[in-house]
Amino acid sequence: MKLNKAGDSGYLELVFGPRWVYIATVRKFLQNFLSVTIGDSRKADIISMAASELLENAIKYASEEGTKISAHFKEKQKLLLLSVENFTSSENIEALQKQIEIVNSGTPEEMYLAKMLEAAERSDGGSQLGFARIRYESNAKIDLHVKGDLVVVSITFDLDAFGDK
């Protein structure tokens, strides 16, 4: 039996129930896994922070049990592909699509600054800085795929294009 059909240099998939207490454990495990896999603890820290942001969103807005996180290291291309998937409502999908479109509409620096200014003016306690922070700290590409009520947020980290933030 061959489980690594894509030929990735390092990969993992975890599926767990939507519980807040698991996020820190998954983040720490992922950070350790990535430090070994990609050989760069600073980049592993940033990627595991991104994973934590995605997991928080997935658990906060999940409509049913089950959150899946996947990480695939493409050594030859120097890419790390991270995805988190969960089921949610159409209203949450629409809001998520809007936020990702906004964050992807400008440069990472422009969008992070704009989101920080927006957060400073909010009175509801939310910031919506997560995606902007991920792009700013890593120059990553953020995508959203939707199939019915299943949402997959994917982040592609070009390990050679990380900024020195």
# chains A, B, ... in the order shown; residues from 1 in each chain; ligands from 1
call {"tool": "residues_around", "arguments": {"residues": "A:Phe131", "least_positions_apart": "3", "cutoff": "10 Å", "atoms": "only C-alpha atoms", "output": "list in words"}}
result
Ala50, Glu53, Leu54, Gln99, Ile100, Ile102, Val103, Asn104, Pro108, Met111, Tyr112, Lys115, Gln128, Ile134, Arg135, Tyr136, Ala140, Lys141, Ile142 and Ile155 of chain A
call {"tool": "closest_residue", "arguments": {"among": "A:Val15, A:Leu79, A:Val153, A:Leu113", "to": "A:Gly66", "atoms": "only C-alpha atoms"}}
result
A:Val15
call {"tool": "residues_around", "arguments": {"residues": "A:Ser48", "least_positions_apart": "2", "cutoff": "9 Å", "atoms": "only C-alpha atoms", "output": "ChimeraX atom specification"}}
result
/A:26-31,34,43-46,50-53
call {"tool": "write_last_selection", "arguments": {"atoms": "all heavy atoms", "output": "short mmCIF file (atom, residue, chain, number, x, y, z; two decimals), in the first residue's frame"}}
result
data_model
loop_
_atom_site.label_atom_id
_atom_site.label_comp_id
_atom_site.auth_asym_id
_atom_site.auth_seq_id
_atom_site.Cartn_x
_atom_site.Cartn_y
_atom_site.Cartn_z
N VAL A 26 -2.17 21.04 18.78
CA VAL A 26 -1.93 20.86 17.34
C VAL A 26 -0.88 21.84 16.86
O VAL A 26 0.02 21.49 16.10
CB VAL A 26 -3.24 21.00 16.54
CG1 VAL A 26 -2.97 21.04 15.04
CG2 VAL A 26 -4.20 19.87 16.88
N ARG A 27 -0.95 23.09 17.34
CA ARG A 27 0.03 24.10 16.93
C ARG A 27 1.45 23.68 17.34
O ARG A 27 2.38 23.76 16.54
CB ARG A 27 -0.31 25.46 17.54
CG ARG A 27 0.68 26.54 17.17
CD ARG A 27 0.31 27.88 17.75
NE ARG A 27 1.29 28.89 17.39
CZ ARG A 27 1.08 30.17 17.47
NH1 ARG A 27 -0.07 30.63 17.90
NH2 ARG A 27 2.02 31.02 17.12
N LYS A 28 1.60 23.22 18.58
CA LYS A 28 2.92 22.81 19.06
C LYS A 28 3.43 21.59 18.28
O LYS A 28 4.59 21.55 17.88
CB LYS A 28 2.86 22.51 20.55
CG LYS A 28 4.20 22.23 21.16
CD LYS A 28 4.11 22.09 22.66
CE LYS A 28 5.51 21.90 23.22
NZ LYS A 28 5.52 21.96 24.67
N PHE A 29 2.56 20.62 18.05
CA PHE A 29 2.95 19.44 17.28
C PHE A 29 3.37 19.85 15.87
O PHE A 29 4.42 19.42 15.37
CB PHE A 29 1.79 18.45 17.21
CG PHE A 29 2.05 17.30 16.27
CD1 PHE A 29 2.87 16.25 16.66
CD2 PHE A 29 1.50 17.28 15.01
CE1 PHE A 29 3.13 15.19 15.79
CE2 PHE A 29 1.74 16.23 14.14
CZ PHE A 29 2.57 15.18 14.53
N LEU A 30 2.57 20.71 15.22
CA LEU A 30 2.87 21.15 13.86
C LEU A 30 4.19 21.92 13.83
O LEU A 30 5.00 21.72 12.92
CB LEU A 30 1.73 21.98 13.29
CG LEU A 30 1.87 22.41 11.85
CD1 LEU A 30 1.91 21.20 10.91
CD2 LEU A 30 0.71 23.33 11.46
N GLN A 31 4.41 22.78 14.81
CA GLN A 31 5.65 23.56 14.85
C GLN A 31 6.85 22.62 14.95
O GLN A 31 7.84 22.78 14.24
CB GLN A 31 5.62 24.53 16.04
CG GLN A 31 6.69 25.62 15.99
CD GLN A 31 8.06 25.15 16.42
OE1 GLN A 31 8.22 24.24 17.23
NE2 GLN A 31 9.08 25.78 15.85
N LEU A 34 7.23 20.70 11.59
CA LEU A 34 7.77 21.55 10.52
C LEU A 34 9.22 21.93 10.76
O LEU A 34 9.99 22.05 9.81
CB LEU A 34 6.90 22.79 10.35
CG LEU A 34 5.51 22.54 9.80
CD1 LEU A 34 4.69 23.82 9.82
CD2 LEU A 34 5.56 21.96 8.40
N LYS A 43 10.50 29.80 10.28
CA LYS A 43 9.43 29.57 9.31
C LYS A 43 8.39 28.61 9.88
O LYS A 43 7.19 28.79 9.69
CB LYS A 43 9.99 29.05 7.99
CG LYS A 43 10.78 30.09 7.24
CD LYS A 43 11.43 29.54 5.99
CE LYS A 43 12.28 30.62 5.32
NZ LYS A 43 13.00 30.10 4.15
N ALA A 44 8.84 27.61 10.62
CA ALA A 44 7.91 26.67 11.26
C ALA A 44 7.02 27.41 12.25
O ALA A 44 5.82 27.11 12.35
CB ALA A 44 8.69 25.56 11.94
N ASP A 45 7.57 28.37 12.99
CA ASP A 45 6.77 29.16 13.93
C ASP A 45 5.69 29.95 13.20
O ASP A 45 4.54 30.00 13.64
CB ASP A 45 7.66 30.14 14.70
CG ASP A 45 8.54 29.49 15.74
OD1 ASP A 45 8.26 28.33 16.13
OD2 ASP A 45 9.50 30.14 16.18
N ILE A 46 6.06 30.58 12.10
CA ILE A 46 5.10 31.39 11.34
C ILE A 46 4.01 30.51 10.74
O ILE A 46 2.82 30.85 10.80
CB ILE A 46 5.83 32.23 10.27
CG1 ILE A 46 6.69 33.30 10.95
CG2 ILE A 46 4.83 32.87 9.30
CD1 ILE A 46 7.66 34.01 10.03
N ALA A 50 -0.03 30.43 11.56
CA ALA A 50 -1.07 30.49 10.54
C ALA A 50 -2.07 29.34 10.73
O ALA A 50 -3.29 29.54 10.64
CB ALA A 50 -0.45 30.43 9.14
N ALA A 51 -1.55 28.16 11.02
CA ALA A 51 -2.42 27.01 11.25
C ALA A 51 -3.33 27.27 12.44
O ALA A 51 -4.53 26.96 12.40
CB ALA A 51 -1.58 25.76 11.49
N SER A 52 -2.79 27.84 13.47
CA SER A 52 -3.58 28.15 14.66
C SER A 52 -4.71 29.12 14.34
O SER A 52 -5.85 28.95 14.79
CB SER A 52 -2.67 28.72 15.76
OG SER A 52 -3.37 28.97 16.93
N GLU A 53 -4.40 30.14 13.56
CA GLU A 53 -5.43 31.11 13.12
C GLU A 53 -6.54 30.39 12.36
O GLU A 53 -7.73 30.64 12.59
CB GLU A 53 -4.81 32.19 12.24
CG GLU A 53 -3.86 33.13 12.93
CD GLU A 53 -4.56 34.26 13.68
OE1 GLU A 53 -5.79 34.44 13.52
OE2 GLU A 53 -3.86 34.95 14.44
#
call {"tool": "select_by_dssp", "arguments": {"residues": "stretch 103-150 of chain A", "states": "helix (DSSP H, G or I)", "output": "list in words"}}
result
Val103, Pro108, Glu109, Glu110, Met111, Tyr112, Leu113, Ala114, Lys115, Met116, Leu117, Glu118, Ala119, Ala120, Glu121, Gly130, Phe131, Ala132, Arg133, Ile134, Arg135, Tyr136, Glu137 and Ser138 of chain A
call {"tool": "write_last_selection", "arguments": {"atoms": "C-alpha atoms", "output": "PDB file, in the first residue's frame"}}
result
ATOM      1  CA  VAL A 103      -6.810  40.558   2.225  1.00  0.00           C
ATOM      2  CA  PRO A 108       0.706  42.057   2.145  1.00  0.00           C
ATOM      3  CA  GLU A 109       2.021  45.258   3.744  1.00  0.00           C
ATOM      4  CA  GLU A 110      -0.873  47.428   2.527  1.00  0.00           C
ATOM      5  CA  MET A 111      -3.505  44.966   3.661  1.00  0.00           C
ATOM      6  CA  TYR A 112      -1.933  44.379   7.076  1.00  0.00           C
ATOM      7  CA  LEU A 113      -1.787  48.115   7.742  1.00  0.00           C
ATOM      8  CA  ALA A 114      -5.372  48.592   6.521  1.00  0.00           C
ATOM      9  CA  LYS A 115      -6.613  45.751   8.732  1.00  0.00           C
ATOM     10  CA  MET A 116      -4.694  47.102  11.743  1.00  0.00           C
ATOM     11  CA  LEU A 117      -6.314  50.523  11.250  1.00  0.00           C
ATOM     12  CA  GLU A 118      -9.718  48.871  10.873  1.00  0.00           C
ATOM     13  CA  ALA A 119      -9.167  46.809  14.034  1.00  0.00           C
ATOM     14  CA  ALA A 120      -8.224  49.930  16.015  1.00  0.00           C
ATOM     15  CA  GLU A 121     -11.573  51.495  15.119  1.00  0.00           C
ATOM     16  CA  GLY A 130      -5.496  36.778  10.978  1.00  0.00           C
ATOM     17  CA  PHE A 131      -5.318  36.471   7.201  1.00  0.00           C
ATOM     18  CA  ALA A 132      -3.596  39.849   6.813  1.00  0.00           C
ATOM     19  CA  ARG A 133      -1.004  38.860   9.422  1.00  0.00           C
ATOM     20  CA  ILE A 134      -0.356  35.540   7.698  1.00  0.00           C
ATOM     21  CA  ARG A 135       0.247  37.240   4.343  1.00  0.00           C
ATOM     22  CA  TYR A 136       2.384  39.969   5.905  1.00  0.00           C
ATOM     23  CA  GLU A 137       4.644  37.623   7.859  1.00  0.00           C
ATOM     24  CA  SER A 138       5.077  34.993   5.157  1.00  0.00           C
TER      25      SER A 138
END
call {"tool": "closest_residue", "arguments": {"among": "A:Glu65, A:Asp124, A:Glu56, A:Glu75", "to": "A:Asp8", "atoms": "only C-alpha atoms"}}
result
A:Glu75
call {"tool": "atom_distance", "arguments": {"atom1": "atom CA of A:Lys74", "atom2": "atom CA of A:Gln97"}}
result
26.6 Å
call {"tool": "residues_around", "arguments": {"residues": "A:Glu91", "least_positions_apart": "3", "cutoff": "12 Å", "atoms": "only C-alpha atoms", "output": "list in words"}}
result
Tyr61, Ala62, Ser63, Phe87, Thr88, Glu94, Ala95, Leu96, Gln97, Lys98 and Asp149 of chain A
call {"tool": "closest_residue", "arguments": {"among": "A:Ser41, A:Ser35, A:Ser70, A:Asn92", "to": "A:Glu13", "atoms": "only C-alpha atoms"}}
result
A:Ser70
call {"tool": "closest_residue", "arguments": {"among": "A:Ile59, A:Val36, A:Leu129, A:Leu14", "to": "A:Leu82", "atoms": "only C-alpha atoms"}}
result
A:Leu14
call {"tool": "closest_residue", "arguments": {"among": "A:Glu85, A:Asp40, A:Leu55, A:Ile93", "to": "A:Trp20", "atoms": "only C-alpha atoms"}}
result
A:Leu55
call {"tool": "atom_distance", "arguments": {"atom1": "atom CA of A:Thr25", "atom2": "atom CA of A:Ser154"}}
result
20.6 Å
call {"tool": "atom_distance", "arguments": {"atom1": "atom CA of A:Ser127", "atom2": "atom CA of A:Asn32"}}
result
28.0 Å
call {"tool": "residues_around", "arguments": {"residues": "A:Asp160", "least_positions_apart": "2", "cutoff": "10 Å", "atoms": "only C-alpha atoms", "output": "VMD selection string"}}
result
chain A and resid 77 to 79 138 to 139 157 to 158 162 to 163
call {"tool": "closest_residue", "arguments": {"among": "A:Phe16, A:Phe33, A:Ile38, A:Gly148", "to": "A:Leu80", "atoms": "only C-alpha atoms"}}
result
A:Ile38
call {"tool": "select_by_dssp", "arguments": {"residues": "stretch 52-87 of chain A", "states": "strand (DSSP E)", "output": "PyMOL selection string"}}
result
chain A and resi 67-74+79-87
